[in-house]
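For reference, run-v3.txt is printed below; it contains compact mmCIF, C-alpha atoms.
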```
# COMPACT_ATOMS: atom_id res chain seq x y z
CA MET V 107 -132.54 38.09 65.28
CA ALA V 108 -132.44 36.07 68.46
CA GLU V 109 -133.02 37.06 72.08
CA VAL V 110 -131.21 35.21 74.84
CA ALA V 111 -131.15 35.66 78.61
CA PHE V 112 -127.94 34.78 80.43
CA VAL V 113 -127.08 34.37 84.07
CA PHE V 114 -123.33 34.42 84.66
CA SER V 115 -122.46 33.24 88.15
CA GLY V 116 -119.18 33.15 90.00
CA ASP V 117 -116.97 35.67 91.82
CA LEU V 118 -117.93 38.95 90.21
CA ALA V 119 -116.89 42.57 90.47
CA GLN V 120 -120.19 44.02 89.37
CA ALA V 121 -119.02 47.28 87.80
CA SER V 122 -116.17 45.55 86.02
CA PHE V 123 -118.35 42.80 84.62
CA ARG V 124 -121.04 45.24 83.55
CA GLY V 125 -118.50 47.37 81.67
CA PHE V 126 -116.98 44.30 80.06
CA ALA V 127 -120.36 42.93 78.95
CA LEU V 128 -121.46 46.32 77.62
CA HIS V 129 -118.24 46.73 75.64
CA ARG V 130 -118.53 43.27 74.11
CA ALA V 131 -122.21 43.78 73.27
CA GLN V 132 -121.44 47.08 71.55
CA ARG V 133 -118.56 45.50 69.67
CA LEU V 134 -120.84 42.67 68.50
CA ASP V 135 -123.71 45.00 67.63
CA LEU V 136 -126.03 43.42 70.21
CA ARG V 137 -128.76 45.15 72.17
CA ILE V 138 -128.20 44.48 75.85
CA ASP V 139 -130.48 44.83 78.86
CA PHE V 140 -129.09 44.44 82.35
CA GLY V 141 -131.13 42.64 84.96
CA ALA V 142 -130.43 41.79 88.58
CA ALA V 143 -126.81 41.55 89.71
CA SER V 144 -124.77 40.80 92.81
CA ASP V 145 -121.25 39.72 93.65
CA ARG V 146 -122.34 36.14 92.85
CA PHE V 147 -124.36 36.48 89.64
CA PHE V 148 -125.16 38.79 86.74
CA ASP V 149 -128.34 38.68 84.70
CA VAL V 150 -128.28 40.07 81.14
CA THR V 151 -130.46 39.73 78.05
CA VAL V 152 -129.05 40.31 74.58
CA VAL V 153 -130.70 40.61 71.20
CA GLY V 154 -128.98 40.18 67.86
CA ASP V 155 -127.53 37.69 65.43
CA GLU V 156 -127.31 34.22 66.94
CA ALA V 157 -123.66 33.72 66.01
CA LEU V 158 -122.77 37.03 67.62
CA ILE V 159 -124.71 36.10 70.76
CA ASP V 160 -122.64 32.91 70.93
CA MET V 161 -119.50 35.05 70.75
CA PHE V 162 -120.86 37.26 73.53
CA GLU V 163 -121.44 34.20 75.71
CA MET V 164 -117.93 32.94 75.10
CA ALA V 165 -116.37 36.32 75.87
CA CYS V 166 -118.38 36.82 79.05
CA SER V 167 -117.73 33.26 80.22
CA LEU V 168 -114.07 34.28 80.33
CA GLY V 169 -114.93 37.67 81.77
CA PRO V 170 -112.71 40.56 82.75
CA TYR V 171 -109.50 39.89 84.67
CA ASP V 172 -111.07 40.55 88.07
CA CYS V 173 -114.04 38.18 87.66
CA ILE V 174 -114.16 34.40 87.72
CA ILE V 175 -117.16 32.82 86.01
CA HIS V 176 -118.08 29.40 87.37
CA ASP V 177 -121.32 28.79 85.51
CA VAL V 178 -123.43 30.16 82.67
CA THR V 179 -127.16 29.61 82.36
CA ARG V 180 -128.61 30.34 78.95
CA ARG V 181 -132.29 30.69 78.13
CA ASP V 182 -133.45 31.31 74.56
CA ILE V 183 -136.33 33.76 74.64
CA ALA V 184 -136.62 34.02 70.87
CA SER V 185 -134.57 32.20 68.29
CA ALA V 186 -133.74 33.38 64.80
CA SER V 187 -136.16 30.92 63.26
CA THR V 188 -139.15 32.23 65.23
CA ASN V 189 -138.59 35.87 64.26
CA MET E 100 -106.27 54.96 71.48
CA THR E 101 -104.69 58.06 69.99
CA MET E 102 -101.12 59.18 69.71
CA THR E 103 -101.94 62.81 70.45
CA SER E 104 -98.81 63.40 72.55
CA GLN E 105 -96.77 62.68 69.44
CA PRO E 106 -96.17 64.82 66.36
CA THR E 107 -98.91 64.68 63.74
CA TRP E 108 -96.80 62.28 61.71
CA SER E 109 -94.32 59.80 63.18
CA PRO E 110 -91.91 57.65 61.17
CA VAL E 111 -92.46 53.94 61.73
CA ALA E 112 -90.24 52.18 59.16
CA LEU E 113 -88.13 52.61 56.08
CA SER E 114 -90.36 51.94 53.08
CA ASN E 115 -88.00 49.38 51.56
CA VAL E 116 -88.05 47.00 54.54
CA ILE E 117 -91.76 46.15 54.35
CA ASP E 118 -92.63 44.12 51.28
CA PRO E 119 -96.14 43.90 49.80
CA SER E 120 -98.34 41.36 51.61
CA THR E 121 -96.31 41.50 54.84
CA SER E 122 -96.83 43.03 58.26
CA THR E 123 -94.66 44.10 61.16
CA GLY E 124 -95.05 45.70 64.56
CA ALA E 125 -94.04 49.23 65.51
CA LEU E 126 -94.11 51.42 68.61
CA VAL E 127 -94.88 55.12 68.80
CA ASP E 128 -94.58 56.57 72.27
CA GLY E 129 -95.62 53.23 73.76
CA ALA E 130 -98.57 52.72 71.42
CA GLU E 131 -98.35 49.33 69.71
CA LEU E 132 -99.04 49.49 65.98
CA VAL E 133 -99.14 47.09 63.07
CA VAL E 134 -97.65 48.38 59.84
CA TRP E 135 -98.64 46.31 56.83
CA ARG E 136 -98.81 46.43 53.07
CA ASP E 137 -101.66 44.96 51.09
CA SER E 138 -100.97 42.99 47.92
CA SER E 139 -101.03 46.19 45.87
CA GLY E 140 -98.23 47.60 48.05
CA LYS E 141 -100.27 50.26 49.85
CA ALA E 142 -99.16 50.76 53.45
CA HIS E 143 -101.56 50.77 56.41
CA VAL E 144 -101.09 51.52 60.11
CA TRP E 145 -103.50 50.21 62.75
CA GLU E 146 -103.59 49.50 66.42
CA ASP E 147 -101.74 46.20 66.86
CA ARG E 148 -104.63 44.41 68.49
CA CYS E 149 -107.42 42.26 67.10
CA PRO E 150 -110.80 43.42 68.47
CA HIS E 151 -111.76 39.78 68.95
CA ARG E 152 -109.23 38.40 71.42
CA GLY E 153 -106.50 41.02 71.50
CA MET E 154 -103.94 39.08 69.48
CA ARG E 155 -101.25 41.19 67.83
CA MET E 156 -102.25 41.79 64.22
CA SER E 157 -98.56 42.10 63.34
CA PHE E 158 -98.44 38.31 63.79
CA GLY E 159 -101.18 37.98 61.19
CA PHE E 160 -101.22 37.20 57.49
CA VAL E 161 -102.03 39.43 54.55
CA ARG E 162 -104.63 37.92 52.25
CA GLY E 163 -104.98 40.17 49.21
CA ASP E 164 -106.26 43.44 50.59
CA HIS E 165 -107.23 41.92 53.95
CA LEU E 166 -105.14 41.44 57.09
CA ALA E 167 -106.06 38.22 58.88
CA CYS E 168 -105.54 37.64 62.59
CA LEU E 169 -103.28 34.69 63.40
CA TYR E 170 -105.52 33.50 66.23
CA HIS E 171 -108.99 32.89 64.74
CA GLY E 172 -108.49 34.18 61.22
CA TRP E 173 -110.78 37.19 61.41
CA GLN E 174 -110.08 39.27 58.31
CA TYR E 175 -110.12 43.06 58.10
CA ASP E 176 -110.25 45.13 54.93
CA THR E 177 -108.03 48.13 54.23
CA ALA E 178 -110.46 50.43 56.07
CA GLY E 179 -110.14 48.23 59.18
CA GLN E 180 -113.62 46.77 58.85
CA CYS E 181 -113.97 43.07 59.71
CA ARG E 182 -115.17 41.28 56.58
CA HIS E 183 -114.81 37.58 57.30
CA ILE E 184 -115.04 35.35 60.36
CA PRO E 185 -113.99 31.80 59.37
CA ALA E 186 -116.04 30.13 62.12
CA HIS E 187 -119.16 31.89 60.79
CA PRO E 188 -118.63 32.21 57.04
CA GLN E 189 -122.27 33.12 56.37
CA LEU E 190 -122.35 35.86 59.01
CA GLU E 191 -122.87 39.41 57.83
CA VAL E 192 -120.24 41.00 60.06
CA PRO E 193 -121.56 44.09 61.86
CA GLN E 194 -119.93 47.46 61.26
CA THR E 195 -119.04 47.62 64.95
CA ILE E 196 -116.28 45.03 64.54
CA ARG E 197 -113.43 47.09 63.19
CA MET E 198 -109.84 48.00 63.87
CA GLN E 199 -108.64 51.32 65.17
CA THR E 200 -106.86 52.80 62.19
CA PHE E 201 -104.35 55.58 61.79
CA ALA E 202 -103.47 57.55 58.70
CA ALA E 203 -100.49 56.15 56.81
CA ALA E 204 -98.33 57.84 54.22
CA GLU E 205 -95.04 57.31 52.45
CA ARG E 206 -92.71 60.22 52.00
CA ASN E 207 -88.98 60.33 51.30
CA GLY E 208 -88.57 56.58 51.61
CA ILE E 209 -90.24 56.36 55.00
CA ILE E 210 -93.64 55.10 56.16
CA TRP E 211 -95.23 57.71 58.42
CA ALA E 212 -98.08 57.05 60.84
CA GLY E 213 -100.59 59.77 61.59
CA ALA E 214 -101.51 60.50 65.20
CA THR E 215 -105.15 59.99 64.19
CA ALA E 216 -107.05 58.43 61.31
CA ASP E 217 -107.52 61.83 59.68
CA ALA E 218 -104.06 63.31 60.23
CA ASP E 219 -103.47 66.23 57.88
CA PRO E 220 -101.27 65.07 54.96
CA THR E 221 -100.16 68.65 54.31
CA LEU E 222 -98.17 68.42 57.55
CA LEU E 223 -95.96 65.66 56.15
CA PRO E 224 -92.37 66.68 55.37
CA ALA E 225 -91.86 68.15 51.91
CA GLU E 226 -90.83 65.69 49.21
CA ILE E 227 -87.11 65.35 48.58
CA ALA E 228 -86.08 63.63 45.36
CA GLY E 229 -83.20 61.25 44.81
CA LEU E 230 -82.90 59.56 48.21
CA VAL E 231 -81.66 56.05 48.93
CA PRO E 232 -82.17 54.04 52.11
CA VAL E 233 -79.30 53.67 54.57
CA ARG E 234 -80.70 51.78 57.54
CA SER E 235 -82.83 52.03 60.66
CA LEU E 236 -81.30 51.65 64.07
CA TYR E 237 -82.56 51.64 67.62
CA ALA E 238 -81.00 53.44 70.58
CA ASP E 239 -81.73 53.68 74.27
CA CYS E 240 -81.76 57.47 74.66
CA THR E 241 -84.09 60.41 74.30
CA ALA E 242 -84.83 62.14 71.02
CA ALA E 243 -83.24 65.32 72.38
CA LYS E 244 -80.02 63.50 73.13
CA ALA E 245 -80.03 61.93 69.68
CA LEU E 246 -80.49 65.32 68.04
CA LYS E 247 -77.51 66.71 69.95
CA GLY E 248 -75.42 63.69 69.05
CA LEU E 249 -76.35 63.90 65.38
CA ALA E 250 -75.50 67.60 65.26
CA ALA E 251 -72.12 67.09 66.93
CA THR E 252 -70.91 64.00 65.05
CA PRO E 253 -69.07 64.50 61.73
CA LEU E 254 -70.44 62.55 58.79
CA PRO E 255 -68.09 60.17 56.92
CA ILE E 256 -65.36 61.80 54.83
CA SER E 257 -65.75 65.01 56.79
CA ALA E 258 -63.94 66.25 59.86
CA ASP E 259 -66.41 68.94 60.81
CA ALA E 260 -69.84 68.76 62.40
CA PRO E 261 -72.58 68.74 59.75
CA THR E 262 -74.91 71.55 58.88
CA VAL E 263 -78.22 70.77 60.54
CA GLU E 264 -81.63 71.72 59.19
CA ALA E 265 -84.78 70.87 61.16
CA ILE E 266 -87.42 69.93 58.59
CA THR E 267 -90.04 69.00 61.17
CA GLU E 268 -89.76 68.35 64.90
CA ASN E 269 -88.84 64.71 64.23
CA TYR E 270 -87.10 64.97 60.88
CA ILE E 271 -83.72 66.60 60.25
CA SER E 272 -81.28 67.02 57.42
CA LEU E 273 -77.52 66.77 57.99
CA THR E 274 -75.24 68.06 55.26
CA ALA E 275 -71.46 67.83 54.97
CA GLY E 276 -69.77 68.27 51.59
CA PRO E 277 -71.46 66.00 49.03
CA ILE E 278 -73.37 64.02 51.66
CA ARG E 279 -76.89 64.77 52.72
CA LEU E 280 -78.34 62.50 55.40
CA LEU E 281 -82.03 62.66 56.30
CA VAL E 282 -82.86 61.35 59.76
CA ALA E 283 -86.41 60.64 60.95
CA ILE E 284 -86.71 60.11 64.69
CA GLN E 285 -89.34 57.70 66.02
CA ALA E 286 -90.04 57.95 69.76
CA LEU E 287 -90.64 54.39 70.93
CA GLY E 288 -91.00 55.00 74.66
CA LYS E 289 -89.14 56.44 77.59
CA GLU E 290 -85.53 56.88 76.44
CA LYS E 291 -86.03 54.56 73.49
CA ILE E 292 -85.93 55.79 69.92
CA ALA E 293 -85.52 54.55 66.38
CA LEU E 294 -83.65 56.49 63.72
CA HIS E 295 -84.58 55.99 60.07
CA LEU E 296 -81.82 57.14 57.75
CA MET E 297 -81.99 58.06 54.07
CA ALA E 298 -79.21 59.71 52.05
CA ASN E 299 -78.74 61.41 48.73
CA GLU E 300 -77.94 59.22 45.73
CA GLY E 301 -74.20 58.70 45.44
CA ALA E 302 -73.58 59.04 49.16
CA PRO E 303 -71.38 56.32 50.71
CA VAL E 304 -74.20 54.20 52.13
CA ALA E 305 -71.98 51.58 53.78
CA ALA E 306 -69.91 54.26 55.48
CA LEU E 307 -73.09 55.99 56.65
CA ALA E 308 -74.37 52.71 58.09
CA ARG E 309 -71.12 52.32 60.03
CA TYR E 310 -71.37 55.96 61.14
CA ALA E 311 -74.86 55.24 62.47
CA GLN E 312 -73.66 52.17 64.35
CA ALA E 313 -70.91 54.18 66.00
CA LEU E 314 -73.33 56.99 66.77
CA ARG E 315 -75.61 54.56 68.60
CA LEU E 316 -72.76 53.41 70.81
CA THR E 317 -71.96 57.02 71.61
CA LEU E 318 -75.59 57.86 72.38
CA GLU E 319 -76.00 54.86 74.66
CA THR E 320 -72.76 55.24 76.55
CA ALA E 321 -72.25 59.01 76.86
CA PRO E 322 -73.73 60.59 79.98
CA ALA E 323 -76.85 62.63 79.28
CA GLU E 324 -75.26 65.95 80.25
CA ALA E 325 -72.30 65.33 77.94
CA ALA E 326 -74.51 64.77 74.90
```
In structure tokens, what does this structure look like?
Amino acid sequence: MAEVAFVFSGDLAQASFRGFALHRAQRLDLRIDFGAASDRFFDVTVVGDEALIDMFEMACSLGPYDCIIHDVTRRDIASASTN
Amino acid sequence: MTMTSQPTWSPVALSNVIDPSTSTGALVDGAELVVWRDSSGKAHVWEDRCPHRGMRMSFGFVRGDHLACLYHGWQYDTAGQCRHIPAHPQLEVPQTIRMQTFAAAERNGIIWAGATADADPTLLPAEIAGLVPVRSLYADCTAAKALKGLAATPLPISADAPTVEAITENYISLTAGPIRLLVAIQALGKEKIALHLMANEGAPVAALARYAQALRLTLETAPAEAA
């Protein structure tokens, strides 16, 4: 299991992005914790299989139709090899 | 997604038009479905949408008893569970990655889709032996208008309107002399239907196919109040 913190920044509709991220996390069997958010950025931490976290990042970097993601910052809190 | 506004079982295709290891798309009241047969010939009906990127699964490929998405090759078993992701072949795919499935059954030469995954099979039409396929056809009209048109139009080699028996709300039997025609009505969307026709063995299939073609023209051109 890996734990990764993401900051997605861009033009965000907060509720829409939150719902999208939650849906994708549930689909990918990831635990998700929401952090700070605004119309410019969204902070989330996910825990699960590394490959599935990569898929989550890819999905959220595209985002829902009403959000445009300009940048993604990824910080590995715990990698699979350290758990 | 459910198809709860529809009958418990909706016809989606004639059985003979979908070969083993092939897939096709179908509509039931606007809901997009994939109808596919695994290599053993068993029919399956799912939502026509890959959970990964939303690609139509009806564009996909059957691999044994798996249906693979055309886009990234994700493979789903007959229960709709994702079993293989080519980009991550070692990944143990979580149970959360799965298709929305519907019950599927074959009865009287037709593949029927349940409104839910656990649709009651006892609500399927009763079995009728000795049927042969005629054809499917599509018409831009309501099911009610089609029913009226079917009841009013003589079958081949008969001058009179047929005897009509409603087997279920979307399945009727038309009888005239030696001909018995079974018609399953699939609601595709607003004023769009498909008719799936089967007939008794020995019935003039080619003449019935021409009858159906003519019926469609009538249904699509006659004013609603006249039908």
**Message:** One number please: atom CA of V:Thr179 to atom CA of V:Phe114, in Å, one decimal.
**Reply:**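 Between these atoms lies a distance of 6.6 Å.
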**Asked** Which residue, E:Asp118, E:Pro224, E:His165, E:Gln180, has the smallest gap to chain V when you use all atoms listed in the file?
**Response**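 The shortest atom-to-atom distance to chain V comes from E:Gln180.
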**Message:** Neighbouring residues of E:Pro119 were defined as those with any atom within 8 Å, considering all atoms listed in the file; residues of the same chain fewer than 2 positions away were excluded. Please report them as a PyMOL selection string.
**Reply:** chain E and resi 117+121+135-141
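The nearest approach to V:Arg130 among the residues V:Asp155, V:Asp177, V:Asp172, V:Glu163, with all atoms listed in the file taken into account, belongs to V:Glu163.
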**Request:** Output the contact residues of chain V with respect to chain E at a cut-off of 8 Å, based on all atoms listed in the file, as a PyMOL selection string.
**Result:** chain V and resi 132-135+157
**Item:** Residue nearest V:Phe147 among V:Ala165, V:Ala127, V:Ala119, V:Ile183 (counting only C-alpha atoms)
**Value:**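 For V:Phe147, the nearest of the given residues is V:Ala119.
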**Message:** So that I can check the surroundings of V:Thr151, please list as a PyMOL selection string every protein, DNA and RNA residue that reaches within 8 Å of it, counting all atoms listed in the file and ignoring chain neighbours fewer than 4 positions away.
**Reply:** chain V and resi 109-112+138-141
**Message:** From the options E:Val161, E:Pro110, E:Ala216, E:Trp145, which residue's atoms come nearest to E:Ile292, counting all atoms listed in the file?
**Reply:**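 Of all the options, E:Pro110 lies closest to E:Ile292.
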**Request:** Take atom CA of E:Ser120 and atom CA of E:Lys291 and report the distance between them in Å, one decimal.
**Result:**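 About the pair atom CA of E:Ser120 and atom CA of E:Lys291: they are 28.4 Å apart.
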**Prompt:** So how far away is atom CA of E:Gly179 from atom CA of E:Arg148, in Å?
**Reply:**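 Value for the atom CA of E:Arg148-atom CA of E:Gly179 distance: 11.5 Å.
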